[in-house]
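Participant: Shown below is the structure under consideration.
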Amino acid sequence: FPVTIIPKEEQSTEVSGPSASDRLLSFLKDNKEDHYNFEDEVYYKVSTGSLNLDIATGGGLSPGLHRFIGMNEGGKTSEALEVTKNFLKTIDNSRALLFKAEGRLSKEIKERSGIKFVTDPKEWVDGTCFVFECNIFETVSELMKDLIQSNDENKKYMFILDSVDGLMTKGDSQKSMTEATKVAGGAVISSMLMKKISLALSKRGHMAIFISQVRSDIKLDPYAANKEVRQTSATGGNALLHFANWILEFEPKYNKDLILEKPNDKYDPIKNKIIGHNVKIAIKKSTNESTNSKVQYPIKYGRKNGSSVWREYEIIDQILSWEFATAKGAWVTFSDEIINELKEKNLELKKQHQGIDNLRVYLEDNKPIVDYFYSKFIQTLAL
């Protein structure tokens, strides 16, 4: 049969009814209580306190859920509090809330953190951290949800859950010691919690750090033959793995990780004391390309007020790597170029130092110089 072709200019352009875009807009308005499309996304970066970890994370951690997992005494809680301190210091209108689900928050940890902890709601003001001693899932969940959803003051919250392992349902808490608790209860309640808060958490500029243990070794090679591919074996189930932006596994501390007064000599409790140790982290999930890489940073013992991360130690490594200074024999010598660069910022940098240890002491006594180098390396390397 003959086909009649209608010229384009004669074709009708009339639309019967609203367009697809108009229909979508109408639907979003009618269901505005169920989504966050009409809200502006809040974004920022909070320093981890470690130069090496900040570089690996692209400048620090952003809003959303992050998981710190690992064995006991790996540094999970200390690092969570380090991030919290920086959150309270750098984010306007901010407060923190720590869910103490395991009963561990010693006086020494508080003093090292540099955070003001309160237990009276009337004392919970901007820049402080409220300690909520509770391990009932429903109660923890509802409080987090209420603070995020009913937030007329536009507060920015940091939630620390220490730990996922300590949570239980209200029903389980009421059972006797001889009654069985729900199988995989931790995984189920973790999934329920994140379904309730995860989207609002990141969209509205809040941050949460969930701490938990691992049940077995984590394999870095996902292609190992005859091995089940698992991202981690952390407690809490797959839901927390899915919702988390970053998963940092804190590895066990061994004797080789200890930092001695005289690094090349054997440990002696009097003549060669332990002055710190290196924290080792395997990145199990990231928002950049650092997944499966490893990071370590030094901790110096005896420090308080949020200064435990030995930034001077990290900065010297970078200074030598980038040849801003050279170490020859017993002397460390800074280049004229870097001395003049700091001079332009009204910072006087001594040219020669006898040994790495003396240079560390010098930097510890000159915080503005440390801050300058820290900022310089972050701007250059945290891509």
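Letters A, B, ... mark the chains of the structure tokens in the order given; residue numbers begin at 1 per chain; ligand numbers begin at 1, in order shown.
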Please list as JSON, numbers by chain every residue within 8 Å of segment 278-281 of chain A, counting only C-alpha atoms and excluding residues in the same chain fewer than 6 positions away.

Facilitator: {"A": [74, 75, 248, 249, 250, 251, 252, 253, 257, 258, 259, 294, 295, 296, 297, 298, 299]}

Participant: What's the separation between atom CA of Leu97 of chain A and atom CA of Ala282 of chain A, in Å to one decimal place?

Facilitator: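 These atoms are spaced 26.4 Å apart.
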
Participant: Can you measure atom CA of Asp54 of chain A to atom CA of His353 of chain A for me? One decimal in Å is fine.

Facilitator: 27.4 Å

Participant: Would you pick out the contacts of Lys110 of chain A at 12 Å or less, using only C-alpha atoms, so that residues sharing its chain but fewer than 3 positions from it are not included, and give the list as number ranges by chain?

Facilitator: A: 77-78, 81-82, 85, 98, 104-107, 113-118, 129, 131, 303-306, 308

Participant: Leaving out Pro63 of chain A and any residue of its chain fewer than 2 positions from it, which residues lie within 8 Å of it when counting only C-alpha atoms, given as a PDB file with C-alpha atoms, in the first residue's frame?

Facilitator:
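That gives us out36.pdb:
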ATOM      1  CA  VAL A  42      25.538  19.223  52.984  1.00  0.00           C
ATOM      2  CA  TYR A  43      29.141  18.268  52.295  1.00  0.00           C
ATOM      3  CA  TYR A  44      32.410  18.760  54.165  1.00  0.00           C
ATOM      4  CA  LYS A  45      35.602  16.962  55.113  1.00  0.00           C
ATOM      5  CA  LEU A  61      35.877  11.811  56.264  1.00  0.00           C
ATOM      6  CA  LEU A  65      28.296   6.254  57.952  1.00  0.00           C
ATOM      7  CA  LEU A 201      22.353  11.073  57.731  1.00  0.00           C
ATOM      8  CA  SER A 202      24.469  11.843  54.663  1.00  0.00           C
ATOM      9  CA  LYS A 203      22.098  14.262  52.912  1.00  0.00           C
ATOM     10  CA  GLY A 205      25.402  16.637  56.841  1.00  0.00           C
ATOM     11  CA  HIS A 206      25.567  14.306  59.842  1.00  0.00           C
ATOM     12  CA  MET A 207      28.244  11.703  60.470  1.00  0.00           C
ATOM     13  CA  ALA A 208      28.228   8.354  62.245  1.00  0.00           C
TER      14      ALA A 208
END

Participant: Can you list every residue in segment 49-284 of chain A that DSSP puts in helix (DSSP H, G or I), as a PyMOL selection string?

Facilitator: chain A and resi 51-56+76-90+107-113+121-123+137-149+164-166+170-173+185-203+237-243+255-257

Participant: Just checking: using only C-alpha atoms, which residue out of A:Trp246, A:Tyr372, A:Tyr267, A:Trp322 ends up closest to Lys343 of chain A?

Facilitator: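 Among the listed residues, A:Tyr372 lies closest to Lys343 of chain A.
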
Participant: Might you pull out every residue within 6 Å of segment 152-165 of chain A, with only C-alpha atoms counted and same-chain residues fewer than 2 positions away left off, and present them as an mmCIF file with N, CA and C atoms, in the first residue's frame?

Facilitator:
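Produced file out-v8.cif, reproduced below:
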data_model
loop_
_atom_site.group_PDB
_atom_site.id
_atom_site.type_symbol
_atom_site.label_atom_id
_atom_site.label_comp_id
_atom_site.auth_asym_id
_atom_site.auth_seq_id
_atom_site.Cartn_x
_atom_site.Cartn_y
_atom_site.Cartn_z
ATOM 1 N N ASN A 93 27.841 24.786 64.504
ATOM 2 C CA ASN A 93 26.559 24.341 65.054
ATOM 3 C C ASN A 93 26.532 22.821 65.273
ATOM 4 N N SER A 94 27.655 22.282 65.755
ATOM 5 C CA SER A 94 27.790 20.820 65.830
ATOM 6 C C SER A 94 27.823 20.293 67.261
ATOM 7 N N ARG A 95 27.341 19.064 67.405
ATOM 8 C CA ARG A 95 27.362 18.350 68.669
ATOM 9 C C ARG A 95 27.632 16.866 68.392
ATOM 10 N N ALA A 96 28.108 16.182 69.416
ATOM 11 C CA ALA A 96 28.379 14.752 69.271
ATOM 12 C C ALA A 96 27.591 13.970 70.308
ATOM 13 N N LEU A 97 27.318 12.707 69.977
ATOM 14 C CA LEU A 97 26.619 11.828 70.904
ATOM 15 C C LEU A 97 27.271 10.454 70.822
ATOM 16 N N LEU A 98 27.792 9.982 71.947
ATOM 17 C CA LEU A 98 28.448 8.685 72.008
ATOM 18 C C LEU A 98 27.540 7.688 72.711
ATOM 19 N N PHE A 99 27.189 6.622 71.992
ATOM 20 C CA PHE A 99 26.403 5.545 72.592
ATOM 21 C C PHE A 99 27.368 4.562 73.236
ATOM 22 N N LYS A 100 27.387 4.576 74.547
ATOM 23 C CA LYS A 100 28.296 3.721 75.311
ATOM 24 C C LYS A 100 27.599 2.388 75.549
ATOM 25 N N ALA A 101 27.760 1.495 74.565
ATOM 26 C CA ALA A 101 27.033 0.229 74.600
ATOM 27 C C ALA A 101 27.834 -0.898 75.223
ATOM 28 N N LEU A 167 24.999 -3.990 71.186
ATOM 29 C CA LEU A 167 23.563 -3.755 71.067
ATOM 30 C C LEU A 167 22.767 -5.044 71.193
ATOM 31 N N HIS A 206 25.193 14.942 58.584
ATOM 32 C CA HIS A 206 25.567 14.306 59.842
ATOM 33 C C HIS A 206 26.573 13.183 59.569
ATOM 34 N N MET A 207 27.263 12.766 60.615
ATOM 35 C CA MET A 207 28.244 11.703 60.470
ATOM 36 C C MET A 207 28.050 10.681 61.580
ATOM 37 N N ALA A 208 28.302 9.419 61.248
ATOM 38 C CA ALA A 208 28.228 8.354 62.245
ATOM 39 C C ALA A 208 29.424 7.434 62.083
ATOM 40 N N ILE A 209 30.017 7.052 63.207
ATOM 41 C CA ILE A 209 31.090 6.060 63.221
ATOM 42 C C ILE A 209 30.627 4.895 64.062
ATOM 43 N N PHE A 210 30.487 3.729 63.431
ATOM 44 C CA PHE A 210 30.081 2.514 64.132
ATOM 45 C C PHE A 210 31.324 1.649 64.333
ATOM 46 N N ILE A 211 31.569 1.265 65.560
ATOM 47 C CA ILE A 211 32.739 0.466 65.922
ATOM 48 C C ILE A 211 32.308 -0.971 66.155
ATOM 49 N N SER A 212 33.097 -1.907 65.658
ATOM 50 C CA SER A 212 32.770 -3.322 65.878
ATOM 51 C C SER A 212 34.006 -4.177 65.758
#

Participant: Which residue out of A:Ile369, A:Lys76, A:Thr380, A:Arg311 has the minimum interatomic distance to Ile338 of chain A when only C-alpha atoms are used?

Facilitator: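 For Ile338 of chain A, the nearest of the candidates is A:Ile369.
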
Participant: Rounded to one decimal in Å, what is the spacing between atom CA of Ile136 of chain A and atom CA of Thr48 of chain A?

Facilitator: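 About the pair atom CA of Ile136 of chain A and atom CA of Thr48 of chain A: they are 28.9 Å apart.
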
Participant: Using only C-alpha atoms, can you tell me which of A:Pro18, A:Gly103, A:Asp120, A:Glu111 comes closest to Cys134 of chain A?

Facilitator: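 Answer, going by the shortest atom-to-atom distance: A:Gly103.
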
Participant: Where in segment 120-184 of chain A does DSSP assign strand (DSSP E), given as a list of chain:residue names?

Facilitator: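 After running DSSP on the backbone, segment 120-184 of chain A has strand (DSSP E) at A:Thr128, A:Cys129, A:Phe130, A:Val131, A:Phe132, A:Lys156, A:Tyr157, A:Met158, A:Phe159, A:Ile160, A:Leu161, A:Asp162.
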